[in-house]
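Student: I'm passing along start_25.tsv; it holds TSV, C-alpha atoms.
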chain	number	residue	atom	x	y	z
A	11	MET	CA	-24.78	-55.03	32.78
A	12	GLN	CA	-21.97	-57.52	32.86
A	13	GLU	CA	-19.89	-58.25	29.80
A	14	LYS	CA	-19.82	-61.59	28.08
A	15	THR	CA	-16.32	-62.40	29.31
A	16	ASP	CA	-17.53	-62.04	32.90
A	17	TYR	CA	-20.21	-64.66	32.38
A	18	LEU	CA	-17.69	-66.98	30.78
A	19	LYS	CA	-15.39	-66.47	33.74
A	20	ASP	CA	-18.27	-67.20	36.13
A	21	ILE	CA	-18.97	-70.50	34.41
A	22	SER	CA	-15.34	-71.60	34.32
A	23	GLU	CA	-14.98	-70.69	37.99
A	24	ILE	CA	-18.05	-72.73	38.87
A	25	ARG	CA	-16.60	-75.71	37.02
A	26	SER	CA	-13.25	-75.42	38.73
A	27	MET	CA	-14.86	-75.06	42.16
A	28	MET	CA	-17.00	-78.15	41.64
A	29	GLU	CA	-13.93	-80.10	40.56
A	30	ARG	CA	-11.62	-78.74	43.24
A	31	SER	CA	-14.06	-79.23	46.11
A	32	SER	CA	-14.87	-82.84	45.31
A	33	ARG	CA	-11.74	-84.42	43.87
A	34	PHE	CA	-8.06	-84.43	44.68
A	35	ILE	CA	-6.30	-83.90	41.36
A	36	SER	CA	-2.63	-83.58	42.23
A	37	LEU	CA	-1.70	-87.28	42.35
A	38	SER	CA	1.70	-87.57	40.73
A	39	GLY	CA	2.05	-89.97	37.82
A	40	LEU	CA	5.80	-90.07	38.22
A	41	SER	CA	5.45	-91.50	41.73
A	42	GLY	CA	3.39	-94.32	40.19
A	43	VAL	CA	6.26	-95.15	37.83
A	44	LEU	CA	8.76	-95.15	40.71
A	45	ALA	CA	6.46	-97.32	42.86
A	46	GLY	CA	6.35	-99.78	39.96
A	47	ILE	CA	10.13	-99.86	39.73
A	48	TYR	CA	10.47	-100.46	43.48
A	49	ALA	CA	7.97	-103.31	43.17
A	50	LEU	CA	9.92	-104.93	40.33
A	51	LEU	CA	13.19	-104.70	42.28
A	52	GLY	CA	11.42	-106.09	45.34
A	53	ALA	CA	9.94	-108.97	43.33
A	54	TYR	CA	13.41	-109.79	41.99
A	55	LEU	CA	14.86	-109.79	45.51
A	56	ALA	CA	11.99	-111.96	46.70
A	57	SER	CA	12.57	-114.43	43.86
A	58	LEU	CA	16.21	-114.70	44.91
A	59	VAL	CA	15.18	-115.33	48.50
A	60	LEU	CA	12.78	-118.06	47.42
A	61	TYR	CA	14.60	-119.77	44.55
A	62	ARG	CA	18.25	-118.73	44.43
A	63	PRO	CA	19.53	-117.88	47.91
A	64	ASP	CA	23.00	-118.85	46.63
A	65	ILE	CA	23.06	-115.86	44.23
A	66	LEU	CA	21.86	-113.58	47.00
A	67	GLN	CA	24.67	-114.84	49.21
A	68	GLN	CA	27.25	-114.18	46.50
A	69	LEU	CA	25.90	-110.66	45.93
A	70	THR	CA	25.39	-109.51	49.49
A	71	GLY	CA	27.04	-112.07	51.71
A	72	ILE	CA	23.75	-112.67	53.50
A	73	GLN	CA	22.93	-116.28	54.07
A	74	ILE	CA	19.25	-116.99	54.24
A	75	ASN	CA	17.89	-119.83	56.23
A	76	VAL	CA	14.85	-121.33	54.50
A	77	GLN	CA	13.03	-121.21	57.81
A	78	TYR	CA	13.22	-117.44	57.86
A	79	ALA	CA	12.39	-116.84	54.18
A	80	LEU	CA	8.92	-115.60	55.13
A	81	PHE	CA	10.37	-112.90	57.38
A	82	TRP	CA	12.63	-111.75	54.56
A	83	LEU	CA	9.69	-111.55	52.19
A	84	PHE	CA	7.72	-109.49	54.70
A	85	GLY	CA	10.70	-107.24	55.24
A	86	ILE	CA	11.07	-106.65	51.50
A	87	ALA	CA	7.34	-105.99	51.06
A	88	PHE	CA	7.35	-103.54	53.98
A	89	LEU	CA	10.37	-101.70	52.59
A	90	ILE	CA	8.73	-101.33	49.15
A	91	LEU	CA	5.54	-100.06	50.77
A	92	ILE	CA	7.40	-97.41	52.79
A	93	LEU	CA	9.47	-96.33	49.76
A	94	ALA	CA	6.43	-96.14	47.47
A	95	ILE	CA	4.29	-94.21	49.97
A	96	GLY	CA	7.19	-91.87	50.79
A	97	THR	CA	7.88	-91.11	47.12
A	98	GLY	CA	4.16	-90.67	46.48
A	99	ILE	CA	3.73	-88.16	49.30
A	100	LEU	CA	6.87	-86.25	48.29
A	101	LEU	CA	6.05	-85.91	44.58
A	102	THR	CA	2.34	-85.29	45.13
A	103	THR	CA	3.07	-82.54	47.66
A	104	LYS	CA	5.43	-80.93	45.19
A	105	ARG	CA	2.85	-81.12	42.44
A	106	ALA	CA	0.05	-79.67	44.59
A	107	LYS	CA	2.32	-76.78	45.53
A	108	ASN	CA	3.12	-76.13	41.87
A	109	GLN	CA	-0.61	-76.09	41.12
A	110	GLY	CA	-1.16	-73.69	43.99
A	111	LEU	CA	-3.43	-76.14	45.81
A	112	LYS	CA	-3.45	-77.17	49.45
A	113	VAL	CA	-2.16	-80.70	50.02
A	114	TRP	CA	-4.00	-81.66	53.18
A	115	ASP	CA	-7.55	-80.50	52.54
A	116	THR	CA	-10.96	-82.15	52.73
A	117	THR	CA	-10.55	-83.91	49.39
A	118	VAL	CA	-7.31	-85.62	50.46
A	119	ARG	CA	-8.77	-86.71	53.78
A	120	ARG	CA	-11.75	-88.21	51.99
A	121	LEU	CA	-9.49	-89.89	49.43
A	122	MET	CA	-7.32	-91.39	52.19
A	123	ILE	CA	-10.22	-92.72	54.25
A	124	ASN	CA	-11.82	-94.41	51.25
A	125	LEU	CA	-8.49	-95.85	50.12
A	126	MET	CA	-7.63	-97.17	53.58
A	127	ILE	CA	-10.85	-99.08	54.30
A	128	PRO	CA	-10.33	-101.88	51.73
A	129	LEU	CA	-6.55	-101.65	52.13
A	130	VAL	CA	-6.53	-102.21	55.90
A	131	ALA	CA	-9.10	-105.00	55.56
A	132	GLY	CA	-6.85	-106.64	52.94
A	133	GLY	CA	-3.76	-106.25	55.12
A	134	ILE	CA	-5.44	-107.89	58.11
A	135	PHE	CA	-6.84	-110.64	55.89
A	136	SER	CA	-3.33	-111.30	54.49
A	137	LEU	CA	-1.90	-111.67	58.00
A	138	ILE	CA	-4.70	-114.12	58.84
A	139	LEU	CA	-3.90	-116.11	55.67
A	140	VAL	CA	-0.26	-116.39	56.72
A	141	TYR	CA	-1.29	-117.41	60.24
A	142	ARG	CA	-3.63	-120.09	58.84
A	143	GLY	CA	-0.91	-121.43	56.55
A	144	PHE	CA	-2.08	-120.01	53.19
A	145	GLY	CA	0.94	-117.75	52.87
A	146	MET	CA	1.17	-117.96	49.08
A	147	MET	CA	-2.34	-116.56	48.69
A	148	VAL	CA	-1.06	-113.27	50.08
A	149	ALA	CA	0.15	-112.19	46.62
A	150	PRO	CA	-3.26	-112.40	44.86
A	151	VAL	CA	-5.14	-111.20	47.94
A	152	THR	CA	-3.06	-108.02	48.29
A	153	MET	CA	-3.60	-107.27	44.59
A	154	ILE	CA	-7.37	-107.81	44.76
A	155	PHE	CA	-7.82	-105.65	47.87
A	156	TYR	CA	-5.51	-102.98	46.47
A	157	GLY	CA	-7.57	-102.94	43.28
A	158	LEU	CA	-10.80	-102.63	45.28
A	159	ALA	CA	-9.26	-99.77	47.27
A	160	LEU	CA	-8.38	-97.94	44.03
A	161	VAL	CA	-11.85	-98.44	42.54
A	162	ASN	CA	-13.34	-97.11	45.78
A	163	ALA	CA	-10.96	-94.12	45.89
A	164	SER	CA	-11.50	-93.23	42.22
A	165	LYS	CA	-14.62	-91.26	43.15
A	166	TYR	CA	-12.43	-88.82	45.05
A	167	THR	CA	-9.54	-88.32	42.64
A	168	LEU	CA	-8.73	-88.65	38.93
A	169	THR	CA	-11.19	-91.20	37.52
A	170	ASP	CA	-8.40	-92.89	35.54
A	171	ILE	CA	-7.32	-94.66	38.70
A	172	ARG	CA	-10.47	-96.77	38.43
A	173	TYR	CA	-8.99	-98.63	35.44
A	174	LEU	CA	-5.76	-99.32	37.31
A	175	GLY	CA	-7.91	-100.73	40.12
A	176	LEU	CA	-9.90	-102.98	37.76
A	177	ALA	CA	-6.65	-104.22	36.18
A	178	GLU	CA	-5.21	-105.05	39.64
A	179	ILE	CA	-8.35	-107.00	40.55
A	180	ALA	CA	-8.15	-108.93	37.25
A	181	VAL	CA	-4.47	-109.85	37.70
A	182	GLY	CA	-5.11	-110.82	41.34
A	183	LEU	CA	-8.02	-113.10	40.43
A	184	LEU	CA	-6.00	-114.59	37.57
A	185	ALA	CA	-3.09	-115.34	39.91
A	186	ALA	CA	-5.42	-116.97	42.43
A	187	GLY	CA	-7.10	-118.99	39.65
A	188	ILE	CA	-3.85	-120.24	38.08
A	189	GLY	CA	-2.62	-121.23	41.52
A	190	LYS	CA	1.08	-120.68	40.72
A	191	TYR	CA	3.42	-118.01	39.33
A	192	TYR	CA	2.28	-115.86	42.25
A	193	LEU	CA	5.44	-113.81	42.35
A	194	LEU	CA	5.38	-113.20	38.58
A	195	CYS	CA	1.75	-112.05	38.76
A	196	TRP	CA	2.60	-109.83	41.73
A	197	ALA	CA	5.44	-108.27	39.72
A	198	ILE	CA	3.01	-107.61	36.85
A	199	GLY	CA	0.29	-106.24	39.14
A	200	PHE	CA	2.36	-103.96	41.33
A	201	GLY	CA	5.31	-103.37	39.00
A	202	VAL	CA	4.30	-103.29	35.35
A	203	LEU	CA	0.76	-101.92	35.86
A	204	HIS	CA	2.04	-99.06	38.02
A	205	ILE	CA	4.69	-98.14	35.48
A	206	VAL	CA	2.17	-98.19	32.61
A	207	TYR	CA	-0.44	-96.23	34.58
A	208	GLY	CA	2.09	-93.70	35.89
A	209	THR	CA	3.50	-93.10	32.41
A	210	ILE	CA	0.02	-92.53	30.94
A	211	MET	CA	-0.87	-90.12	33.77
A	212	TYR	CA	2.42	-88.27	33.40
A	213	PHE	CA	1.87	-87.59	29.72
A	214	LYS	CA	-1.85	-86.89	30.11
A	215	TYR	CA	-1.70	-84.39	32.99
A	216	GLU	CA	1.84	-83.32	33.75
A	217	LYS	CA	3.45	-82.77	30.36
B	11	MET	CA	-33.93	-60.83	26.84
B	12	LYS	CA	-36.12	-59.74	29.71
B	13	TYR	CA	-37.06	-63.32	30.50
B	14	LEU	CA	-33.41	-64.29	30.69
B	15	LEU	CA	-32.54	-61.52	33.10
B	16	ASN	CA	-35.40	-62.53	35.36
B	17	ASN	CA	-33.72	-65.87	35.85
B	18	PHE	CA	-30.55	-64.26	37.09
B	19	ASP	CA	-30.54	-64.79	40.82
B	20	LYS	CA	-29.48	-61.86	42.98
B	21	ALA	CA	-28.23	-64.29	45.60
B	22	PHE	CA	-25.51	-65.46	43.20
B	23	GLU	CA	-24.20	-62.06	42.26
B	24	SER	CA	-21.16	-62.37	44.49
B	25	LYS	CA	-18.24	-64.56	43.45
B	26	ILE	CA	-18.00	-66.08	46.90
B	27	ARG	CA	-21.67	-67.00	47.08
B	28	LEU	CA	-21.43	-68.55	43.63
B	29	GLY	CA	-18.35	-70.50	44.76
B	30	VAL	CA	-19.95	-71.72	48.00
B	31	MET	CA	-23.00	-72.90	46.08
B	32	SER	CA	-20.86	-74.66	43.43
B	33	ALA	CA	-18.95	-76.54	46.13
B	34	LEU	CA	-22.16	-77.52	47.91
B	35	MET	CA	-23.66	-78.84	44.66
B	36	VAL	CA	-21.08	-81.63	44.49
B	37	ASN	CA	-20.57	-82.28	48.20
B	38	GLU	CA	-23.27	-83.56	50.53
B	39	TYR	CA	-21.86	-81.54	53.43
B	40	LEU	CA	-18.95	-79.13	53.83
B	41	ASP	CA	-17.87	-77.53	57.09
B	42	PHE	CA	-16.93	-73.92	57.58
B	43	ASN	CA	-13.18	-74.53	57.44
B	44	ALA	CA	-13.37	-76.59	54.26
B	45	LEU	CA	-15.29	-73.78	52.57
B	46	LYS	CA	-12.82	-71.24	53.88
B	47	GLU	CA	-9.90	-73.22	52.46
B	48	LEU	CA	-11.62	-73.55	49.10
B	49	MET	CA	-12.60	-69.90	48.73
B	50	ASP	CA	-9.46	-68.51	50.33
B	51	VAL	CA	-11.38	-65.80	52.22
B	52	THR	CA	-11.51	-64.52	55.81
B	53	ASP	CA	-13.88	-65.90	58.45
B	54	GLY	CA	-16.04	-62.79	58.58
B	55	ASN	CA	-16.32	-62.47	54.83
B	56	LEU	CA	-17.36	-66.09	54.35
B	57	ALA	CA	-19.77	-65.96	57.30
B	58	SER	CA	-21.67	-62.98	55.89
B	59	HIS	CA	-21.99	-64.56	52.44
B	60	VAL	CA	-23.13	-67.90	53.83
B	61	LYS	CA	-25.62	-66.05	56.02
B	62	ALA	CA	-27.08	-64.43	52.90
B	63	LEU	CA	-27.47	-67.83	51.23
B	64	GLU	CA	-29.05	-69.18	54.40
B	65	LYS	CA	-31.55	-66.31	54.48
B	66	ALA	CA	-32.48	-67.00	50.87
B	67	GLY	CA	-33.24	-70.58	51.92
B	68	TYR	CA	-30.52	-72.00	49.65
B	69	VAL	CA	-28.26	-73.38	52.36
B	70	MET	CA	-28.98	-75.40	55.49
B	71	VAL	CA	-26.82	-75.03	58.58
B	72	LYS	CA	-26.09	-77.78	61.07
B	73	LYS	CA	-24.21	-76.87	64.23
B	74	GLN	CA	-22.64	-79.52	66.39
B	75	PHE	CA	-19.67	-80.15	68.67
B	76	VAL	CA	-16.66	-82.23	67.71
B	77	GLY	CA	-15.15	-82.86	71.11
B	78	ARG	CA	-15.25	-79.40	72.64
B	79	LYS	CA	-14.88	-77.52	69.38
B	80	PRO	CA	-17.96	-76.16	67.67
B	81	ASN	CA	-18.30	-77.39	64.11
B	82	THR	CA	-20.67	-75.88	61.56
B	83	LYS	CA	-21.68	-77.90	58.54
B	84	TYR	CA	-23.43	-76.59	55.47
B	85	LYS	CA	-25.68	-78.33	52.99
B	86	ALA	CA	-27.44	-77.07	49.88
B	87	THR	CA	-31.24	-77.23	50.13
B	88	ALA	CA	-33.39	-78.58	47.28
B	89	GLN	CA	-34.56	-75.02	46.68
B	90	GLY	CA	-30.96	-73.81	46.55
B	91	LYS	CA	-29.95	-76.53	44.07
B	92	LYS	CA	-32.86	-75.64	41.82
B	93	ALA	CA	-32.03	-71.92	42.01
B	94	PHE	CA	-28.39	-72.63	41.19
B	95	GLU	CA	-29.32	-74.75	38.17
B	96	ASP	CA	-31.70	-72.08	36.92
B	97	HIS	CA	-28.96	-69.50	37.30
B	98	LEU	CA	-26.51	-71.66	35.34
B	99	ASN	CA	-29.05	-72.27	32.59
B	100	ALA	CA	-29.75	-68.56	32.33
B	101	LEU	CA	-26.02	-67.86	32.06
B	102	GLU	CA	-25.58	-70.44	29.33
B	103	LYS	CA	-28.63	-69.27	27.39
B	104	LEU	CA	-27.45	-65.70	27.49
B	105	LEU	CA	-24.02	-66.68	26.22
B	106	LYS	CA	-25.51	-68.73	23.40
B	107	GLU	CA	-27.78	-65.89	22.36
B	108	ARG	CA	-24.92	-63.43	22.29
B	109	LYS	CA	-22.91	-65.81	20.19
B	110	ASN	CA	-25.66	-65.97	17.61
B	111	ASN	CA	-25.97	-62.21	17.37
Kindly return the structure encoded in the file as structure tokens.

Tutor:
Amino acid sequence: MQEKTDYLKDISEIRSMMERSSRFISLSGLSGVLAGIYALLGAYLASLVLYRPDILQQLTGIQINVQYALFWLFGIAFLILILAIGTGILLTTKRAKNQGLKVWDTTVRRLMINLMIPLVAGGIFSLILVYRGFGMMVAPVTMIFYGLALVNASKYTLTDIRYLGLAEIAVGLLAAGIGKYYLLCWAIGFGVLHIVYGTIMYFKYEK
Amino acid sequence: MKYLLNNFDKAFESKIRLGVMSALMVNEYLDFNALKELMDVTDGNLASHVKALEKAGYVMVKKQFVGRKPNTKYKATAQGKKAFEDHLNALEKLLKERKNN
């Protein structure tokens, strides 16, 4: 006859297996904070490109032709994306290793696929908007699709990410509804929200 | 007490079988490699345990080819899910009863 502690261990192992096999739980909160900081810096750079190219020229010596402002904005956005994804992968890998979990397992693949579907659709839609001459709508559209991607992915990772997704959708819709202050809303959506979310996650799971 | 022990399923006596069943409760399908990664066991060990679950009618096997590689997917049957839930309930009841004594 088994002892009581064995049964307790059985139950806790069942719980952990159910959790581990269905959700990826090593997402790093710190990488969220850093992504938010990159976004704020990027938004500041973008605001200089758009409104004060003279300051930018004083700081860096780069003179920006208004005609090419759009390319600069895309360049900045791309750079932030690469930095944020890179930091995310690096810190999350480190965290998974510390937890003794595999990084590239079924749960991560499922998380990635479900994150990418709305994200890629949103990216393509943004490019179409630029092509059709609705370039300014890119800011709210990227936030809305990013939010939808997070809500969709929340079934495969920490459920808290669902609330970040809902907040992104709300800010995106608000920005589209107001019809101006796009850059400010974008800085709130991708900068401030990430920093707040990342800080909460850090203290909730990593402290 | 006797009633409780009757609900303990022999098929779930092994840690690995219990683990496989837990994972299949929350995933529609899992393939052999995913299960292997989760349990951290050897091919032969996992295969024999899954075979036992299959024989009990708790797990369904679906073999197919991905490109030229064979791929085996596993799914919990309705009977298996019911048996697993009964087993869990029996475990919990037993623990509760012991606590009261």

Student: Which distance in Å separates CA of Ala93 in chain B and CA of Val118 in chain A, to one decimal?

Tutor: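 Those two atoms sit 29.5 Å apart.
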
Student: Could you give me, as a PyMOL selection string, the residues that sit within 12 Å of (-5.5, -113.5, 40.2) in the file's coordinates, counting all atoms listed in the file?

Tutor: chain A and resi 146-155+157+176-196+198-199

Student: With C-alpha atoms kept, could you save the residues just selected as an mmCIF file, in the frame of the given file?

Tutor:
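So the final result, stored in part_14.cif, reads:
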data_model
loop_
_atom_site.group_PDB
_atom_site.id
_atom_site.type_symbol
_atom_site.label_atom_id
_atom_site.label_comp_id
_atom_site.auth_asym_id
_atom_site.auth_seq_id
_atom_site.Cartn_x
_atom_site.Cartn_y
_atom_site.Cartn_z
ATOM 1 C CA MET A 146 1.170 -117.960 49.080
ATOM 2 C CA MET A 147 -2.340 -116.560 48.690
ATOM 3 C CA VAL A 148 -1.060 -113.270 50.080
ATOM 4 C CA ALA A 149 0.150 -112.190 46.620
ATOM 5 C CA PRO A 150 -3.260 -112.400 44.860
ATOM 6 C CA VAL A 151 -5.140 -111.200 47.940
ATOM 7 C CA THR A 152 -3.060 -108.020 48.290
ATOM 8 C CA MET A 153 -3.600 -107.270 44.590
ATOM 9 C CA ILE A 154 -7.370 -107.810 44.760
ATOM 10 C CA PHE A 155 -7.820 -105.650 47.870
ATOM 11 C CA GLY A 157 -7.570 -102.940 43.280
ATOM 12 C CA LEU A 176 -9.900 -102.980 37.760
ATOM 13 C CA ALA A 177 -6.650 -104.220 36.180
ATOM 14 C CA GLU A 178 -5.210 -105.050 39.640
ATOM 15 C CA ILE A 179 -8.350 -107.000 40.550
ATOM 16 C CA ALA A 180 -8.150 -108.930 37.250
ATOM 17 C CA VAL A 181 -4.470 -109.850 37.700
ATOM 18 C CA GLY A 182 -5.110 -110.820 41.340
ATOM 19 C CA LEU A 183 -8.020 -113.100 40.430
ATOM 20 C CA LEU A 184 -6.000 -114.590 37.570
ATOM 21 C CA ALA A 185 -3.090 -115.340 39.910
ATOM 22 C CA ALA A 186 -5.420 -116.970 42.430
ATOM 23 C CA GLY A 187 -7.100 -118.990 39.650
ATOM 24 C CA ILE A 188 -3.850 -120.240 38.080
ATOM 25 C CA GLY A 189 -2.620 -121.230 41.520
ATOM 26 C CA LYS A 190 1.080 -120.680 40.720
ATOM 27 C CA TYR A 191 3.420 -118.010 39.330
ATOM 28 C CA TYR A 192 2.280 -115.860 42.250
ATOM 29 C CA LEU A 193 5.440 -113.810 42.350
ATOM 30 C CA LEU A 194 5.380 -113.200 38.580
ATOM 31 C CA CYS A 195 1.750 -112.050 38.760
ATOM 32 C CA TRP A 196 2.600 -109.830 41.730
ATOM 33 C CA ILE A 198 3.010 -107.610 36.850
ATOM 34 C CA GLY A 199 0.290 -106.240 39.140
#

Student: What does the distance from CA of Leu111 in chain A to CA of Asp50 in chain B come to in Å, to one decimal?

Tutor: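 The value is 10.7 Å.
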
Student: Name the residues in contact with Ala57 in chain B at a cut-off of 12 Å, using only C-alpha atoms, excluding same-chain residues fewer than 2 positions from it; report them as a ChimeraX atom specification.

Tutor: /B:26-27,30,41-43,45-46,49,51-55,59-64,71,82,84

Student: Please compute the CA of Ala53 in chain A-CA of Leu101 in chain A distance, one decimal, in Å.

Tutor: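 Separation of CA of Ala53 in chain A and CA of Leu101 in chain A: 23.4 Å.
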
Student: Taking all atoms listed in the file into account and nothing else, which residues of chain A lie no more than 7 Å away from chain B? Please answer as number ranges by chain.

Tutor: A: 14, 17, 24, 27-28, 31-32, 116

Student: Taking (7.1, -106.0, 50.8) in the coordinates of the supplied file, I want to know which residues reach to within 12 Å of it, counting only C-alpha atoms; could you give the answer as JSON, numbers by chain?

Tutor: {"A": [45, 48, 49, 50, 51, 52, 53, 54, 55, 56, 80, 81, 82, 83, 84, 85, 86, 87, 88, 89, 90, 91, 92, 93, 94, 133, 148, 149, 152, 193, 196, 197, 200]}

Student: Here is a test: counting all atoms listed in the file, which residue of A:Glu23, A:Val140, A:Arg105, A:Gln67 is nearest to Gly39 in chain A?

Tutor: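 Residue with the minimum atom-to-atom distance to Gly39 in chain A: A:Arg105.
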
Student: Which is closest to Lys85 in chain B among B:Ala21, B:Ala100, B:Leu56, B:Met70, if we use all atoms listed in the file?

Tutor: B:Met70

Student: Hey, could you pull the box centre and edge lengths for range 52-61 of chain A, axis-aligned, 6 Å padding per side, all listed atoms, to one decimal in Å, as lines of an AutoDock Vina configuration file?

Tutor:
center_x = 13.1
center_y = -112.9
center_z = 45.2
size_x = 18.3
size_y = 25.7
size_z = 18.5

Student: If we count all atoms listed in the file, what is near Phe34 in chain A at a cut-off of 8 Å, once residues fewer than 6 positions away on the same chain are taken out, given as a PDB file with C-alpha atoms, in the coordinates of the input?

Tutor:
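The resulting selection_28.pdb:
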ATOM      1  CA  THR A 117     -10.550 -83.910  49.390  1.00  0.00           C
ATOM      2  CA  VAL A 118      -7.310 -85.620  50.460  1.00  0.00           C
ATOM      3  CA  LEU A 121      -9.490 -89.890  49.430  1.00  0.00           C
ATOM      4  CA  TYR A 166     -12.430 -88.820  45.050  1.00  0.00           C
ATOM      5  CA  THR A 167      -9.540 -88.320  42.640  1.00  0.00           C
ATOM      6  CA  LEU A 168      -8.730 -88.650  38.930  1.00  0.00           C
TER       7      LEU A 168
END

Student: For Tyr39 in chain B, which of B:Gln89, B:Asn99, B:Ser58, B:Asn81 is the closest residue, counting only C-alpha atoms?

Tutor: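 Smallest distance to Tyr39 in chain B is found for B:Asn81.
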
Student: If you count all atoms listed in the file, which residues fall within 12 Å of Asn75 in chain A, apart from same-chain ones fewer than 2 positions away, as a list in words?

Tutor: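 Skipping anything fewer than 2 positions along the chain leaves Val59, Leu60, Arg62, Pro63, Asp64, Leu66, Gln67, Ile72, Gln73, Gln77, Tyr78, Ala79, Leu80, Phe81 and Trp82 of chain A.
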